[in-house]
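Notes to accompany the following structure.
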Amino acid sequence: MGDYINILQNFLPLGATVLELQQPQKRVAILLADIDGDQMAELIGAYRYEQQNYIVILKKYDDQWLPLKHIEGKGYNISDLRVAPVTENWVNTLIVGWQIDNMSSQLDLLQWTNGRILRLPTNNIVYSKLEVEDMPDHYGKDGQYELAIWIHDTGDAYKVDVYRFSEGELVRAKDVYPYYFKKVAAYYEKLLQTNDFSYYWYYLSDAQRKAGNLEQNLTAIDKALSFRSPYPSKEQLLEKKQQVLSRLTHARTNGQTVIDKKRGDITGDSFRETVYLTGSMTERSSYWEDITLNILNKKVDLYEGFSLKETVGYNPRLFLGDFTGNQLDDILVVIDTGESESTIKAYLFTFFEGEMRQVFDSDEFNESNDYKIDYQDQYKLTIASAMPKKKYTLDLMFKDKEYLMEIYKEDGTLKEPIEGWVEPIHGLYPIDFAGDDVYELVALQEISGKHHAEALGYVQNILKWNGREFATERQSVIIFGEKIDSM
């Protein structure tokens, strides 16, 4: 590191001194890291000049270091200097902690954007300790790092929260709470082995609640209440205890599990909501009951649950995208009715005039789309659609001879009138045909012949939002090809 100190000092003003980090061990505040995404490391250092702190960034061009930027900082020293991909573009952000007193540092996030360094908004966070980590949620790590902020309160107790950079700002990363607050709980459990204080029990209970350990949370609150002067107050602890009891009752009653989860801006408040499908597991691992749609609004810290018309089925799944052209994420829920080759139940929700509204129901679509399927003479099948009014003719000569002999006489006329039918929706797929970031729905319905197991093709309806409902914009029939021996 000595060579890099010498290089750095060549670009500092006369009389400037390189700052030193004190934790986890004393070292100069210099690092090599790629912060512009070109896979080449920049040389970054912190220095003090005329009672003011600065960051300097050097970039190497043709084996020669050149100054890229000098950035003014705060405080009297530096506590953190590191990089991690904390934004959604996965380019390293320079994370700086400017020490403003013995226990506190000001968070500074510096991001290379469009050829220049910008300061990201930090909500003016002042912290005592900082951890930066790609924290896993229910589905694992995603490559974007979260920030764990520890703010000193009393003794060795800290207020702790976890943030993620999303949609241009730092928001609470509640989906990783179960992972990180297990570590926080372990910190307080260790403290309590030698320091039996009410405020440690309180912060242990807070960590257990955020980790999802409600039974342990209740025990810790009772321990905090047992002190003559409970922290933070008897009234606050009793209120939290009642909240925990309510959550425990709900959890025991429902026994719900997260099946699928997506994040998007549902309400237009510039905050990305988390959308969950929850349900109760059964002995058949792929079959779910009590399927419910839930939305967590991080801005107001509120869960909302929405009942579905069909609450049982296989492989429940979510898709978020703009279907109605309001530039917000609408919610598509699809549930298979069988384990394989089944029909589906599907519902689409949009945020309109301050509330969630259901704007598509697969059952209503099936009921309103009427077809008439008739076998015709000379090995033909006609499919007549009521809406739109269209007729299709299918040539059955691709079927094997034995099949045709069951239905037709030798002269190609029908032995007797036969009707087929179109099944309910078999598949529903979001596709942005116009490339305008607004999705259409592609609905496939199987055409059945003499019996349900006989698939002759599919009716395909492309559904587009017209301001009131999803209407068929285009309709076609998909047929199966006939095998040929050679070209």
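Just remember, in the structure tokens the first chain shown is A, the second B, etc., residues are 1-based per chain, and ligands are 1-based in the order shown.
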
Notebook entry, point to check: Within 12 Å of A:Asp265, counting only C-alpha atoms, which residues qualify if same-chain residues fewer than 6 places away don't, as a PyMOL selection string?
Noted result: chain A and resi 166-167+271-275+295-299+320-322+326-331+350-351

Item checked: Nearest-residue call for A:Tyr371, choices A:Lys261, A:Arg116, A:Lys415, A:Lys389, using only C-alpha atoms ->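 Ranked by minimum distance to A:Tyr371, first place goes to A:Lys389.
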
Note to self: I want to know what sits within 12 Å of A:Gly155, based on only C-alpha atoms, with residues of the same chain fewer than 3 positions away left out; could you give that as a list in words?
What the structure shows: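 Residues near the query, excluding close chain neighbours: Met103, Ile151, His152, Tyr158, Lys159, Tyr188, Leu191, Asn195, Asp196, Phe197, Ser198, Tyr199, Tyr200 and Tyr203 of chain A.
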
Next item on the list: Could you tell me how far atom CA of A:Glu310 lies from atom CA of A:Asn366, in Å and to one decimal?
Entry: 14.6 Å

Notebook entry, point to check: Excluding same-chain residues fewer than 6 positions from A:Ser476, what lies within 7 Å of it counting only C-alpha atoms, as a PyMOL selection string?
Noted result: chain A and resi 459-461

Next item on the list: From a DSSP pass on the backbone, collect the residues of stretch 167-198 of chain A flagged as strand (DSSP E) and hand them back as a PyMOL selection string.
Entry: chain A and resi 169-172

Note to self: Would you compute the distance between atom CA of A:Ile125 and atom CA of A:Leu107? Give it in Å to one decimal.
What the structure shows: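 Pair atom CA of A:Ile125 / atom CA of A:Leu107 returns 5.7 Å.
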
Margin query: If we count only C-alpha atoms and set the cut-off at 12 Å, which residues sit around A:Leu308, ignoring sequence neighbours fewer than 4 positions away in its own chain? Please answer as a list in words.
Written below: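 In the requested form, the answer reads Leu277, Thr278, Gly279, Glu289, Asp290, Ile291, Thr292, Leu293, Asn294, Val312, Gly313, Pro316, Leu332, Val333, Val334, Ile335, Lys345, Ala346, Tyr347, Leu348, Phe349, Arg357, Gln358, Phe360, Asp361 and Ser362 of chain A.
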
Next item on the list: Excluding A:Gly168 and residues on its chain fewer than 3 positions from it, collect all residues at most 10 Å away from it, counting only C-alpha atoms, and give them as a list of chain:residue names.
Entry: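 Those residues are A:Thr87, A:Glu88, A:Leu120, A:Pro121, A:Thr122, A:Phe165, A:Val171, A:Ser270, A:Phe271.
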
Next item on the list: Tell me, as a ChimeraX atom specification, which residues lie within 9 Å of A:Gln208, counting only C-alpha atoms; anything in the same chain fewer than 5 positions away does not count.
Entry: /A:178,181-182,184-185,203,213-218,220

Note to self: Let me make sure I understand: among A:Leu318, A:Val442, A:Leu204, A:Ile5, which one has the smallest atom-to-atom distance to A:Ala29 if we use only C-alpha atoms?
What the structure shows: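 Among A:Leu318, A:Val442, A:Leu204, A:Ile5, it is A:Ile5 that comes nearest to A:Ala29.
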
Item checked: Which residue of A:Leu245, A:Ala16, A:Ala211, A:Leu170 approaches A:Asn123 most closely, using only C-alpha atoms ->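 Using only C-alpha atoms, the shortest distance to A:Asn123 belongs to A:Leu170.
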
From a DSSP calculation on the backbone, collect every residue of stretch 76-179 of chain A in helix (DSSP H, G or I) and output the set as a PDB file with C-alpha atoms, in the first residue's frame.
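Final output, saved to result19.pdb:
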ATOM      1  CA  LYS A 174     -37.993  -5.603   5.230  1.00  0.00           C
ATOM      2  CA  ASP A 175     -37.759  -8.711   3.055  1.00  0.00           C
ATOM      3  CA  VAL A 176     -34.244  -9.408   4.457  1.00  0.00           C
ATOM      4  CA  TYR A 177     -35.177  -8.711   8.091  1.00  0.00           C
ATOM      5  CA  PRO A 178     -35.526 -12.434   8.950  1.00  0.00           C
ATOM      6  CA  TYR A 179     -31.915 -13.014   7.856  1.00  0.00           C
TER       7      TYR A 179
END

Notebook entry, point to check: Out of A:Ala386, A:Ile266, A:Val422, A:Met397, which residue has the shortest atom-to-atom distance to A:Glu355 when counting only C-alpha atoms?
Noted result: A:Ile266

Check: In Å, how far is it from atom CA of A:Leu444 to atom CA of A:Thr382?
Finding: 17.7 Å

Note to self: Between A:Leu463, A:Val96, A:Val86, A:Val359, which residue has the minimum interatomic distance to A:Gly45, considering only C-alpha atoms?
What the structure shows: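 Ranking A:Leu463, A:Val96, A:Val86, A:Val359 by distance to A:Gly45, first place goes to A:Val96.
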